[in-house]
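For reference, final.cif (mmCIF, C-alpha atoms (C1' of nucleotides)):
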```cif
data_model
loop_
_atom_site.group_PDB
_atom_site.id
_atom_site.type_symbol
_atom_site.label_atom_id
_atom_site.label_comp_id
_atom_site.auth_asym_id
_atom_site.auth_seq_id
_atom_site.Cartn_x
_atom_site.Cartn_y
_atom_site.Cartn_z
ATOM 1 C CA MET A 24 -26.981 3.011 -56.353
ATOM 2 C CA ASN A 25 -27.010 5.375 -59.295
ATOM 3 C CA ASN A 26 -24.463 8.044 -60.050
ATOM 4 C CA ARG A 27 -26.830 10.853 -59.228
ATOM 5 C CA LYS A 28 -27.244 9.724 -55.644
ATOM 6 C CA LYS A 29 -23.528 9.200 -55.334
ATOM 7 C CA LYS A 30 -22.754 12.717 -56.530
ATOM 8 C CA ASN A 31 -25.315 14.089 -54.149
ATOM 9 C CA LEU A 32 -23.720 12.355 -51.213
ATOM 10 C CA GLU A 33 -20.219 13.309 -52.259
ATOM 11 C CA ALA A 34 -21.284 16.924 -52.556
ATOM 12 C CA ARG A 35 -22.467 16.682 -48.966
ATOM 13 C CA GLY A 36 -19.047 15.694 -47.786
ATOM 14 C CA TRP A 37 -19.364 11.999 -47.116
ATOM 15 C CA LYS A 38 -15.805 10.995 -47.548
ATOM 16 C CA VAL A 39 -15.587 8.510 -50.336
ATOM 17 C CA GLY A 40 -12.263 8.183 -52.035
ATOM 18 C CA SER A 41 -13.347 6.740 -55.335
ATOM 19 C CA ALA A 42 -16.423 5.471 -57.075
ATOM 20 C CA ALA A 43 -15.326 1.932 -56.356
ATOM 21 C CA GLU A 44 -14.864 2.627 -52.698
ATOM 22 C CA PHE A 45 -18.206 4.335 -52.571
ATOM 23 C CA LEU A 46 -20.008 1.443 -54.122
ATOM 24 C CA ASN A 47 -18.381 -0.790 -51.544
ATOM 25 C CA LEU A 48 -20.376 0.827 -48.777
ATOM 26 C CA SER A 49 -21.820 -2.074 -46.895
ATOM 27 C CA PRO A 50 -25.599 -2.338 -46.882
ATOM 28 C CA GLU A 51 -25.729 -1.144 -43.289
ATOM 29 C CA GLU A 52 -23.509 1.827 -43.975
ATOM 30 C CA GLU A 53 -25.696 2.764 -46.885
ATOM 31 C CA ALA A 54 -28.853 2.345 -44.816
ATOM 32 C CA TYR A 55 -27.371 4.517 -42.110
ATOM 33 C CA VAL A 56 -26.550 7.321 -44.532
ATOM 34 C CA GLU A 57 -29.961 7.150 -46.130
ATOM 35 C CA LEU A 58 -31.578 7.260 -42.729
ATOM 36 C CA LYS A 59 -29.764 10.446 -41.885
ATOM 37 C CA LEU A 60 -30.656 12.056 -45.188
ATOM 38 C CA LYS A 61 -34.313 11.246 -44.678
ATOM 39 C CA LEU A 62 -34.338 12.784 -41.249
ATOM 40 C CA SER A 63 -32.441 15.817 -42.519
ATOM 41 C CA GLN A 64 -35.028 16.438 -45.169
ATOM 42 C CA ASN A 65 -37.888 15.969 -42.758
ATOM 43 C CA LEU A 66 -36.324 18.353 -40.291
ATOM 44 C CA GLN A 67 -36.145 21.077 -42.895
ATOM 45 C CA GLU A 68 -39.737 20.496 -43.965
ATOM 46 C CA TYR A 69 -40.897 20.580 -40.359
ATOM 47 C CA ARG A 70 -39.045 23.814 -39.694
ATOM 48 C CA LYS A 71 -40.448 25.519 -42.747
ATOM 49 C CA GLU A 72 -43.966 24.386 -41.972
ATOM 50 C CA LYS A 73 -43.597 26.167 -38.668
ATOM 51 C CA LYS A 74 -42.211 29.276 -40.365
ATOM 52 C CA LEU A 75 -39.064 29.195 -38.316
ATOM 53 C CA THR A 76 -35.675 30.447 -39.423
ATOM 54 C CA GLN A 77 -32.657 28.258 -38.737
ATOM 55 C CA ASP A 78 -31.678 30.754 -36.083
ATOM 56 C CA ALA A 79 -35.071 30.551 -34.380
ATOM 57 C CA LEU A 80 -34.944 26.757 -34.400
ATOM 58 C CA ALA A 81 -31.416 26.850 -33.059
ATOM 59 C CA ARG A 82 -32.627 28.801 -30.039
ATOM 60 C CA LEU A 83 -35.384 26.265 -29.399
ATOM 61 C CA LEU A 84 -32.786 23.527 -29.497
ATOM 62 C CA LYS A 85 -30.232 25.510 -27.510
ATOM 63 C CA SER A 86 -27.929 24.993 -30.443
ATOM 64 C CA SER A 87 -26.621 27.319 -33.127
ATOM 65 C CA GLN A 88 -27.721 28.388 -36.596
ATOM 66 C CA SER A 89 -24.658 26.812 -38.139
ATOM 67 C CA ARG A 90 -25.439 23.467 -36.605
ATOM 68 C CA VAL A 91 -29.017 23.605 -37.830
ATOM 69 C CA ALA A 92 -27.691 24.290 -41.314
ATOM 70 C CA LYS A 93 -25.428 21.277 -41.004
ATOM 71 C CA MET A 94 -28.293 19.131 -39.795
ATOM 72 C CA GLU A 95 -30.392 20.062 -42.777
ATOM 73 C CA SER A 96 -27.594 19.555 -45.253
ATOM 74 C CA GLY A 97 -26.872 16.064 -43.971
ATOM 75 C CA ASP A 98 -23.393 16.994 -42.814
ATOM 76 C CA PRO A 99 -21.437 13.938 -41.626
ATOM 77 C CA SER A 100 -20.560 15.681 -38.382
ATOM 78 C CA VAL A 101 -24.200 15.532 -37.292
ATOM 79 C CA SER A 102 -25.364 12.497 -35.357
ATOM 80 C CA LEU A 103 -28.680 10.715 -35.535
ATOM 81 C CA ASP A 104 -29.061 11.654 -31.910
ATOM 82 C CA LEU A 105 -29.151 15.349 -32.647
ATOM 83 C CA LEU A 106 -31.436 14.942 -35.627
ATOM 84 C CA ILE A 107 -33.912 12.871 -33.688
ATOM 85 C CA ARG A 108 -33.854 15.072 -30.625
ATOM 86 C CA SER A 109 -34.457 18.050 -32.867
ATOM 87 C CA LEU A 110 -37.435 16.433 -34.522
ATOM 88 C CA LEU A 111 -38.849 15.529 -31.125
ATOM 89 C CA THR A 112 -38.403 19.114 -29.979
ATOM 90 C CA LEU A 113 -40.306 20.260 -33.042
ATOM 91 C CA GLY A 114 -43.159 18.092 -31.857
ATOM 92 C CA ALA A 115 -42.731 14.954 -33.904
ATOM 93 C CA SER A 116 -44.201 11.904 -32.220
ATOM 94 C CA ARG A 117 -42.600 8.490 -32.264
ATOM 95 C CA LYS A 118 -45.276 7.498 -34.717
ATOM 96 C CA THR A 119 -44.316 10.361 -36.996
ATOM 97 C CA LEU A 120 -40.639 9.524 -36.680
ATOM 98 C CA SER A 121 -41.442 5.948 -37.508
ATOM 99 C CA GLN A 122 -43.049 6.995 -40.761
ATOM 100 C CA MET A 123 -40.116 9.188 -41.680
ATOM 101 C CA LEU A 124 -37.923 6.121 -41.896
ATOM 102 C CA LEU A 125 -39.925 4.479 -44.639
ATOM 103 C CA MET B 1447 -46.111 8.330 -16.470
ATOM 104 C CA ASN B 1448 -46.765 5.626 -13.943
ATOM 105 C CA ASN B 1449 -44.527 4.708 -11.082
ATOM 106 C CA ARG B 1450 -43.562 1.397 -12.571
ATOM 107 C CA LYS B 1451 -42.044 2.984 -15.643
ATOM 108 C CA LYS B 1452 -40.281 5.547 -13.511
ATOM 109 C CA LYS B 1453 -38.696 2.897 -11.324
ATOM 110 C CA ASN B 1454 -37.592 1.019 -14.373
ATOM 111 C CA LEU B 1455 -35.812 4.030 -15.777
ATOM 112 C CA GLU B 1456 -34.246 4.930 -12.473
ATOM 113 C CA ALA B 1457 -32.931 1.422 -12.130
ATOM 114 C CA ARG B 1458 -31.247 1.880 -15.490
ATOM 115 C CA GLY B 1459 -29.256 4.825 -14.283
ATOM 116 C CA TRP B 1460 -30.989 7.813 -15.793
ATOM 117 C CA LYS B 1461 -29.986 10.379 -13.299
ATOM 118 C CA VAL B 1462 -33.083 11.836 -11.769
ATOM 119 C CA GLY B 1463 -32.712 13.422 -8.393
ATOM 120 C CA SER B 1464 -36.254 13.085 -7.166
ATOM 121 C CA ALA B 1465 -39.629 11.926 -8.297
ATOM 122 C CA ALA B 1466 -40.607 15.533 -8.868
ATOM 123 C CA GLU B 1467 -37.597 16.191 -11.021
ATOM 124 C CA PHE B 1468 -38.225 13.047 -12.926
ATOM 125 C CA LEU B 1469 -41.773 13.921 -13.710
ATOM 126 C CA ASN B 1470 -40.548 17.234 -15.019
ATOM 127 C CA LEU B 1471 -38.929 15.542 -17.974
ATOM 128 C CA SER B 1472 -40.219 17.400 -20.973
ATOM 129 C CA PRO B 1473 -42.308 15.386 -23.418
ATOM 130 C CA GLU B 1474 -39.438 15.274 -25.891
ATOM 131 C CA GLU B 1475 -36.967 14.129 -23.276
ATOM 132 C CA GLU B 1476 -39.353 11.400 -22.286
ATOM 133 C CA ALA B 1477 -39.897 10.369 -25.900
ATOM 134 C CA TYR B 1478 -36.150 10.259 -26.425
ATOM 135 C CA VAL B 1479 -35.587 8.009 -23.435
ATOM 136 C CA GLU B 1480 -38.403 5.705 -24.430
ATOM 137 C CA LEU B 1481 -37.012 5.514 -27.930
ATOM 138 C CA LYS B 1482 -33.677 4.381 -26.629
ATOM 139 C CA LEU B 1483 -35.224 1.800 -24.349
ATOM 140 C CA LYS B 1484 -37.226 0.356 -27.208
ATOM 141 C CA LEU B 1485 -34.151 0.024 -29.387
ATOM 142 C CA SER B 1486 -32.197 -1.460 -26.483
ATOM 143 C CA GLN B 1487 -34.775 -4.131 -25.967
ATOM 144 C CA ASN B 1488 -34.967 -4.907 -29.652
ATOM 145 C CA LEU B 1489 -31.212 -5.176 -29.889
ATOM 146 C CA GLN B 1490 -31.125 -7.748 -27.135
ATOM 147 C CA GLU B 1491 -33.926 -9.743 -28.735
ATOM 148 C CA TYR B 1492 -32.188 -9.649 -32.086
ATOM 149 C CA ARG B 1493 -28.927 -10.806 -30.578
ATOM 150 C CA LYS B 1494 -30.538 -13.703 -28.733
ATOM 151 C CA GLU B 1495 -32.468 -14.789 -31.791
ATOM 152 C CA LYS B 1496 -29.142 -15.124 -33.534
ATOM 153 C CA LYS B 1497 -27.668 -17.063 -30.603
ATOM 154 C CA LEU B 1498 -24.855 -14.584 -30.181
ATOM 155 C CA THR B 1499 -23.134 -13.740 -26.926
ATOM 156 C CA GLN B 1500 -22.499 -10.092 -26.153
ATOM 157 C CA ASP B 1501 -18.860 -10.757 -26.844
ATOM 158 C CA ALA B 1502 -19.600 -12.262 -30.260
ATOM 159 C CA LEU B 1503 -21.811 -9.337 -31.180
ATOM 160 C CA ALA B 1504 -19.155 -6.925 -29.970
ATOM 161 C CA ARG B 1505 -16.711 -8.441 -32.431
ATOM 162 C CA LEU B 1506 -19.187 -8.048 -35.276
ATOM 163 C CA LEU B 1507 -19.608 -4.408 -34.334
ATOM 164 C CA LYS B 1508 -15.901 -3.887 -33.699
ATOM 165 C CA SER B 1509 -16.885 -2.813 -30.236
ATOM 166 C CA SER B 1510 -16.548 -4.397 -26.822
ATOM 167 C CA GLN B 1511 -18.626 -6.669 -24.635
ATOM 168 C CA SER B 1512 -19.020 -3.987 -22.038
ATOM 169 C CA ARG B 1513 -20.426 -1.556 -24.553
ATOM 170 C CA VAL B 1514 -22.897 -4.132 -25.813
ATOM 171 C CA ALA B 1515 -24.008 -4.688 -22.236
ATOM 172 C CA LYS B 1516 -24.478 -0.962 -21.853
ATOM 173 C CA MET B 1517 -26.439 -0.766 -25.085
ATOM 174 C CA GLU B 1518 -28.789 -3.469 -23.933
ATOM 175 C CA SER B 1519 -29.263 -1.988 -20.493
ATOM 176 C CA GLY B 1520 -30.158 1.421 -21.904
ATOM 177 C CA ASP B 1521 -27.151 3.078 -20.346
ATOM 178 C CA PRO B 1522 -27.232 6.870 -20.770
ATOM 179 C CA SER B 1523 -23.722 6.865 -22.220
ATOM 180 C CA VAL B 1524 -24.964 5.055 -25.313
ATOM 181 C CA SER B 1525 -26.152 7.111 -28.257
ATOM 182 C CA LEU B 1526 -29.002 6.421 -30.619
ATOM 183 C CA ASP B 1527 -26.359 6.357 -33.323
ATOM 184 C CA LEU B 1528 -24.649 3.329 -31.878
ATOM 185 C CA LEU B 1529 -27.902 1.521 -31.186
ATOM 186 C CA ILE B 1530 -29.170 2.063 -34.691
ATOM 187 C CA ARG B 1531 -25.915 1.163 -36.376
ATOM 188 C CA SER B 1532 -25.834 -2.005 -34.320
ATOM 189 C CA LEU B 1533 -29.325 -2.971 -35.334
ATOM 190 C CA LEU B 1534 -28.467 -2.317 -38.965
ATOM 191 C CA THR B 1535 -25.386 -4.500 -38.631
ATOM 192 C CA LEU B 1536 -27.559 -7.257 -37.237
ATOM 193 C CA GLY B 1537 -29.559 -7.037 -40.430
ATOM 194 C CA ALA B 1538 -32.486 -4.875 -39.450
ATOM 195 C CA SER B 1539 -33.992 -3.026 -42.385
ATOM 196 C CA ARG B 1540 -35.256 0.527 -42.227
ATOM 197 C CA LYS B 1541 -38.729 -0.917 -42.329
ATOM 198 C CA THR B 1542 -37.963 -3.087 -39.318
ATOM 199 C CA LEU B 1543 -36.426 -0.152 -37.481
ATOM 200 C CA SER B 1544 -39.477 1.871 -38.270
ATOM 201 C CA GLN B 1545 -41.684 -0.684 -36.602
ATOM 202 C CA MET B 1546 -39.495 -0.808 -33.538
ATOM 203 C CA LEU B 1547 -40.377 2.769 -32.781
ATOM 204 C CA LEU B 1548 -44.070 2.108 -32.427
ATOM 205 C "C1'" DT C 1318 -19.803 -27.709 -4.685
ATOM 206 C "C1'" DG C 1319 -16.462 -25.421 -8.079
ATOM 207 C "C1'" DA C 1320 -14.851 -24.468 -12.684
ATOM 208 C "C1'" DC C 1321 -16.352 -21.995 -16.694
ATOM 209 C "C1'" DA C 1322 -19.025 -18.923 -19.479
ATOM 210 C "C1'" DT C 1323 -21.687 -14.909 -19.774
ATOM 211 C "C1'" DT C 1324 -23.267 -10.461 -18.427
ATOM 212 C "C1'" DA C 1325 -22.876 -6.113 -15.557
ATOM 213 C "C1'" DT C 1326 -20.413 -2.087 -13.801
ATOM 214 C "C1'" DG C 1327 -16.749 1.350 -13.237
ATOM 215 C "C1'" DT C 1328 -12.929 3.901 -15.115
ATOM 216 C "C1'" DC C 1329 -10.027 6.031 -18.536
ATOM 217 C "C1'" DG C 1330 -7.579 8.050 -22.634
ATOM 218 C "C1'" DA C 1331 -8.872 8.690 -27.437
ATOM 219 C "C1'" DA C 1332 -12.053 9.953 -30.844
ATOM 220 C "C1'" DA C 1333 -16.216 12.076 -32.347
ATOM 221 C "C1'" DA C 1334 -19.932 15.459 -31.866
ATOM 222 C "C1'" DT C 1335 -21.235 19.783 -30.025
ATOM 223 C "C1'" DG C 1336 -22.228 24.960 -29.572
ATOM 224 C "C1'" DA C 1337 -20.024 29.048 -30.546
ATOM 225 C "C1'" DT C 1338 -17.992 32.237 -33.547
ATOM 226 C "C1'" DA C 1339 -16.559 34.345 -37.758
ATOM 227 C "C1'" DT C 1340 -17.492 35.014 -42.233
ATOM 228 C "C1'" DA C 1341 -19.008 33.902 -46.919
ATOM 229 C "C1'" DT C 1342 -22.852 33.293 -49.848
ATOM 230 C "C1'" DA C 1343 -27.576 33.428 -51.090
ATOM 231 C "C1'" DT C 1344 -32.296 35.337 -50.859
ATOM 232 C "C1'" DT C 1345 -35.675 38.891 -50.223
ATOM 233 C "C1'" DA C 1346 -37.627 43.504 -49.920
ATOM 234 C "C1'" DT C 1347 -37.454 48.390 -50.763
ATOM 235 C "C1'" DA D 652 -28.856 48.206 -56.718
ATOM 236 C "C1'" DT D 653 -28.366 47.846 -51.966
ATOM 237 C "C1'" DA D 654 -29.647 46.998 -47.458
ATOM 238 C "C1'" DA D 655 -31.470 43.536 -44.563
ATOM 239 C "C1'" DT D 656 -32.353 38.792 -43.630
ATOM 240 C "C1'" DA D 657 -31.433 34.045 -44.074
ATOM 241 C "C1'" DT D 658 -28.501 30.186 -44.992
ATOM 242 C "C1'" DA D 659 -23.934 27.843 -45.829
ATOM 243 C "C1'" DT D 660 -19.186 26.739 -44.547
ATOM 244 C "C1'" DA D 661 -14.880 26.630 -41.785
ATOM 245 C "C1'" DT D 662 -12.579 26.393 -37.495
ATOM 246 C "C1'" DC D 663 -12.037 25.548 -32.646
ATOM 247 C "C1'" DA D 664 -12.404 24.580 -27.458
ATOM 248 C "C1'" DT D 665 -15.374 21.882 -24.715
ATOM 249 C "C1'" DT D 666 -18.315 18.033 -23.897
ATOM 250 C "C1'" DT D 667 -19.949 13.562 -24.938
ATOM 251 C "C1'" DT D 668 -19.404 9.046 -26.603
ATOM 252 C "C1'" DC D 669 -16.340 5.583 -27.696
ATOM 253 C "C1'" DG D 670 -13.574 1.011 -27.256
ATOM 254 C "C1'" DA D 671 -10.742 -1.063 -24.070
ATOM 255 C "C1'" DC D 672 -9.712 -2.992 -19.871
ATOM 256 C "C1'" DA D 673 -10.327 -4.678 -15.156
ATOM 257 C "C1'" DT D 674 -13.211 -6.822 -12.276
ATOM 258 C "C1'" DA D 675 -17.585 -7.968 -10.082
ATOM 259 C "C1'" DA D 676 -21.823 -10.389 -10.429
ATOM 260 C "C1'" DT D 677 -24.681 -13.887 -12.360
ATOM 261 C "C1'" DG D 678 -25.709 -17.964 -14.622
ATOM 262 C "C1'" DT D 679 -24.725 -22.958 -16.236
ATOM 263 C "C1'" DC D 680 -23.414 -27.473 -15.865
ATOM 264 C "C1'" DA D 681 -20.444 -31.391 -14.296
#
```

Show me this structure written as structure tokens.
Amino acid sequence: MNNRKKKNLEARGWKVGSAAEFLNLSPEEEAYVELKLKLSQNLQEYRKEKKLTQDALARLLKSSQSRVAKMESGDPSVSLDLLIRSLLTLGASRKTLSQMLL
Amino acid sequence: MNNRKKKNLEARGWKVGSAAEFLNLSPEEEAYVELKLKLSQNLQEYRKEKKLTQDALARLLKSSQSRVAKMESGDPSVSLDLLIRSLLTLGASRKTLSQMLL
DNA sequence: TGACATTATGTCGAAAATGATATATATTAT
DNA sequence: ATAATATATATCATTTTCGACATAATGTCA
């Protein structure tokens, strides 16, 4: 993993003590983080395509604007569950979700 | 949704008061439940391929046998997060995960 | 059959994720 | 520039999910 990606993740609050520690992320931990980032990005794209504000999406999801912001920023406090349920609410099919992972 | 699928879900503990209520699952709720069931099934297949007992897998995941059983049975108390992290720990790639969704 | 291994189910305190709220920081329009 | 709108960040009480444990049920094999 290059330094650029690392910095990006660190900026998003993934707690990584040092560069060494970070690079010691196991393959599955790394895959998990990447998965979340992909879904985060797709969620934001989906929302913008539909011309929704974060607040409007939050109401659809019965959530809050702040949580939508955290979803889109890849905040560690957001679970895959919430991301996926949000995408489904926005109308993503399983097929679409499947392609987001690649 | 046919009656067979409904019965299957009910047997797995998804709390649905009546048939009518059940059929009123929104499309995204239904997609979410199906997603979890697919991952559950794949997890069990993966585990058996590797000749692991639930207890052995639990140790790999730093979890417990009972939680593995719940994962595999599609128990509502199990999150997509845990299912996906488990599959990743078992060596599933994002590509493989992607195909599980279809 | 009975001993042994494996899986299922129920419960619980601890930990993590959640929506809500407040407020700071952009971004946009006039 | 400034008002209005949109997004980001921090904190917190509540809810959900968690591993652990006990124990029941099922399967396996001598």

Exercise for the section: Dump as a PyMOL selection string the residues of chain C that approach chain B to within 12 Å, counting all atoms listed in the file. Expected result: chain C and resi 1322-1327+1333-1334

Exercise for the section: Would you kindly translate the PyMOL selection byres ((chain C and resi 1347) around 12) into the concrete residues it picks from this file, as a PyMOL selection string? Expected result: (chain C and resi 1345-1346) or (chain D and resi 652-655)

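Interatomic distance, CA of Glu57 (chain A) against CA of Tyr69 (chain A): 18.3 Å.
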
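If you take only C-alpha atoms (C1' of nucleotides) and a cut-off of 8 Å, the residues of chain B that reach chain D are Ser1509, Ser1510, Arg1513, Ser1523, Val1524 and Ser1525 of chain B.
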
Next, dump the selected residues to file, keeping only C-alpha atoms, as a short mmCIF file (atom, residue, chain, number, x, y, z; two decimals), in the frame of the given file.
```cif
data_model
loop_
_atom_site.label_atom_id
_atom_site.label_comp_id
_atom_site.auth_asym_id
_atom_site.auth_seq_id
_atom_site.Cartn_x
_atom_site.Cartn_y
_atom_site.Cartn_z
CA SER B 1509 -16.89 -2.81 -30.24
CA SER B 1510 -16.55 -4.40 -26.82
CA ARG B 1513 -20.43 -1.56 -24.55
CA SER B 1523 -23.72 6.86 -22.22
CA VAL B 1524 -24.96 5.06 -25.31
CA SER B 1525 -26.15 7.11 -28.26
#
```

Since I can't run it myself right now, could you work out what the PyMOL selection byres ((chain A) within 12 of (chain B)) selects here and report it as an mmCIF file with C-alpha atoms, in the frame of the given file?
```
data_model
loop_
_atom_site.group_PDB
_atom_site.id
_atom_site.type_symbol
_atom_site.label_atom_id
_atom_site.label_comp_id
_atom_site.auth_asym_id
_atom_site.auth_seq_id
_atom_site.Cartn_x
_atom_site.Cartn_y
_atom_site.Cartn_z
ATOM 1 C CA SER A 49 -21.820 -2.074 -46.895
ATOM 2 C CA PRO A 50 -25.599 -2.338 -46.882
ATOM 3 C CA GLU A 51 -25.729 -1.144 -43.289
ATOM 4 C CA GLU A 52 -23.509 1.827 -43.975
ATOM 5 C CA GLU A 53 -25.696 2.764 -46.885
ATOM 6 C CA ALA A 54 -28.853 2.345 -44.816
ATOM 7 C CA TYR A 55 -27.371 4.517 -42.110
ATOM 8 C CA VAL A 56 -26.550 7.321 -44.532
ATOM 9 C CA GLU A 57 -29.961 7.150 -46.130
ATOM 10 C CA LEU A 58 -31.578 7.260 -42.729
ATOM 11 C CA LYS A 59 -29.764 10.446 -41.885
ATOM 12 C CA LYS A 61 -34.313 11.246 -44.678
ATOM 13 C CA LEU A 84 -32.786 23.527 -29.497
ATOM 14 C CA VAL A 101 -24.200 15.532 -37.292
ATOM 15 C CA SER A 102 -25.364 12.497 -35.357
ATOM 16 C CA LEU A 103 -28.680 10.715 -35.535
ATOM 17 C CA ASP A 104 -29.061 11.654 -31.910
ATOM 18 C CA LEU A 105 -29.151 15.349 -32.647
ATOM 19 C CA LEU A 106 -31.436 14.942 -35.627
ATOM 20 C CA ILE A 107 -33.912 12.871 -33.688
ATOM 21 C CA ARG A 108 -33.854 15.072 -30.625
ATOM 22 C CA SER A 109 -34.457 18.050 -32.867
ATOM 23 C CA LEU A 110 -37.435 16.433 -34.522
ATOM 24 C CA LEU A 111 -38.849 15.529 -31.125
ATOM 25 C CA THR A 112 -38.403 19.114 -29.979
ATOM 26 C CA LEU A 113 -40.306 20.260 -33.042
ATOM 27 C CA GLY A 114 -43.159 18.092 -31.857
ATOM 28 C CA ALA A 115 -42.731 14.954 -33.904
ATOM 29 C CA SER A 116 -44.201 11.904 -32.220
ATOM 30 C CA ARG A 117 -42.600 8.490 -32.264
ATOM 31 C CA LYS A 118 -45.276 7.498 -34.717
ATOM 32 C CA THR A 119 -44.316 10.361 -36.996
ATOM 33 C CA LEU A 120 -40.639 9.524 -36.680
ATOM 34 C CA SER A 121 -41.442 5.948 -37.508
ATOM 35 C CA GLN A 122 -43.049 6.995 -40.761
ATOM 36 C CA MET A 123 -40.116 9.188 -41.680
ATOM 37 C CA LEU A 124 -37.923 6.121 -41.896
ATOM 38 C CA LEU A 125 -39.925 4.479 -44.639
#
```

Problem - Length of the CA of Asp98 (chain A) to CA of Asn65 (chain A) vector [Å] - result: 14.5 Å

Exercise for the section: Measure the distance from C1' of DT1338 (chain C) to CA of Lys85 (chain A) in Å and round it to one decimal. Expected result: 15.2 Å

What box, with edges along x, y and z, holds each listed atom of region 1469-1482 of chain B when 4 Å is added on every side, and can you state its centre and edge lengths in Å to one decimal, as lines of an AutoDock Vina configuration file?
```
center_x = -38.0
center_y = 10.9
center_z = -20.8
size_x = 16.6
size_y = 21.0
size_z = 22.2
```

From the block I gave, I'd like region 90-105 of chain A written with N, CA and C atoms, as a PDB file, in the first residue's frame.
```pdb
ATOM      1  N   ARG A  90     -24.934  11.629  10.401  1.00  0.00           N
ATOM      2  CA  ARG A  90     -24.555  10.242  10.147  1.00  0.00           C
ATOM      3  C   ARG A  90     -24.334  10.004   8.665  1.00  0.00           C
ATOM      4  N   VAL A  91     -25.113  10.644   7.827  1.00  0.00           N
ATOM      5  CA  VAL A  91     -24.895  10.527   6.387  1.00  0.00           C
ATOM      6  C   VAL A  91     -23.513  11.067   6.033  1.00  0.00           C
ATOM      7  N   ALA A  92     -23.156  12.193   6.630  1.00  0.00           N
ATOM      8  CA  ALA A  92     -21.823  12.748   6.380  1.00  0.00           C
ATOM      9  C   ALA A  92     -20.747  11.751   6.786  1.00  0.00           C
ATOM     10  N   LYS A  93     -20.957  11.110   7.924  1.00  0.00           N
ATOM     11  CA  LYS A  93     -19.970  10.129   8.381  1.00  0.00           C
ATOM     12  C   LYS A  93     -19.922   8.916   7.463  1.00  0.00           C
ATOM     13  N   MET A  94     -21.079   8.511   6.976  1.00  0.00           N
ATOM     14  CA  MET A  94     -21.089   7.398   6.020  1.00  0.00           C
ATOM     15  C   MET A  94     -20.239   7.741   4.813  1.00  0.00           C
ATOM     16  N   GLU A  95     -20.453   8.931   4.284  1.00  0.00           N
ATOM     17  CA  GLU A  95     -19.779   9.287   3.041  1.00  0.00           C
ATOM     18  C   GLU A  95     -18.296   9.546   3.232  1.00  0.00           C
ATOM     19  N   SER A  96     -17.909   9.871   4.443  1.00  0.00           N
ATOM     20  CA  SER A  96     -16.498  10.156   4.685  1.00  0.00           C
ATOM     21  C   SER A  96     -15.743   8.905   5.116  1.00  0.00           C
ATOM     22  N   GLY A  97     -16.454   7.784   5.187  1.00  0.00           N
ATOM     23  CA  GLY A  97     -15.803   6.541   5.583  1.00  0.00           C
ATOM     24  C   GLY A  97     -15.421   6.512   7.041  1.00  0.00           C
ATOM     25  N   ASP A  98     -16.188   7.196   7.857  1.00  0.00           N
ATOM     26  CA  ASP A  98     -15.901   7.238   9.299  1.00  0.00           C
ATOM     27  C   ASP A  98     -15.924   5.832   9.899  1.00  0.00           C
ATOM     28  N   PRO A  99     -14.949   5.531  10.765  1.00  0.00           N
ATOM     29  CA  PRO A  99     -14.868   4.179  11.336  1.00  0.00           C
ATOM     30  C   PRO A  99     -16.075   3.805  12.190  1.00  0.00           C
ATOM     31  N   SER A 100     -16.828   4.787  12.623  1.00  0.00           N
ATOM     32  CA  SER A 100     -17.983   4.466  13.467  1.00  0.00           C
ATOM     33  C   SER A 100     -19.175   3.980  12.647  1.00  0.00           C
ATOM     34  N   VAL A 101     -19.027   3.946  11.336  1.00  0.00           N
ATOM     35  CA  VAL A 101     -20.140   3.508  10.485  1.00  0.00           C
ATOM     36  C   VAL A 101     -19.940   2.059  10.065  1.00  0.00           C
ATOM     37  N   SER A 102     -20.957   1.264  10.234  1.00  0.00           N
ATOM     38  CA  SER A 102     -20.863  -0.160   9.907  1.00  0.00           C
ATOM     39  C   SER A 102     -21.205  -0.424   8.448  1.00  0.00           C
ATOM     40  N   LEU A 103     -20.748  -1.568   7.969  1.00  0.00           N
ATOM     41  CA  LEU A 103     -21.152  -2.021   6.643  1.00  0.00           C
ATOM     42  C   LEU A 103     -22.662  -2.161   6.564  1.00  0.00           C
ATOM     43  N   ASP A 104     -23.248  -2.611   7.656  1.00  0.00           N
ATOM     44  CA  ASP A 104     -24.693  -2.745   7.693  1.00  0.00           C
ATOM     45  C   ASP A 104     -25.394  -1.468   7.260  1.00  0.00           C
ATOM     46  N   LEU A 105     -25.022  -0.372   7.881  1.00  0.00           N
ATOM     47  CA  LEU A 105     -25.699   0.887   7.596  1.00  0.00           C
ATOM     48  C   LEU A 105     -25.439   1.329   6.171  1.00  0.00           C
TER      49      LEU A 105
END
```
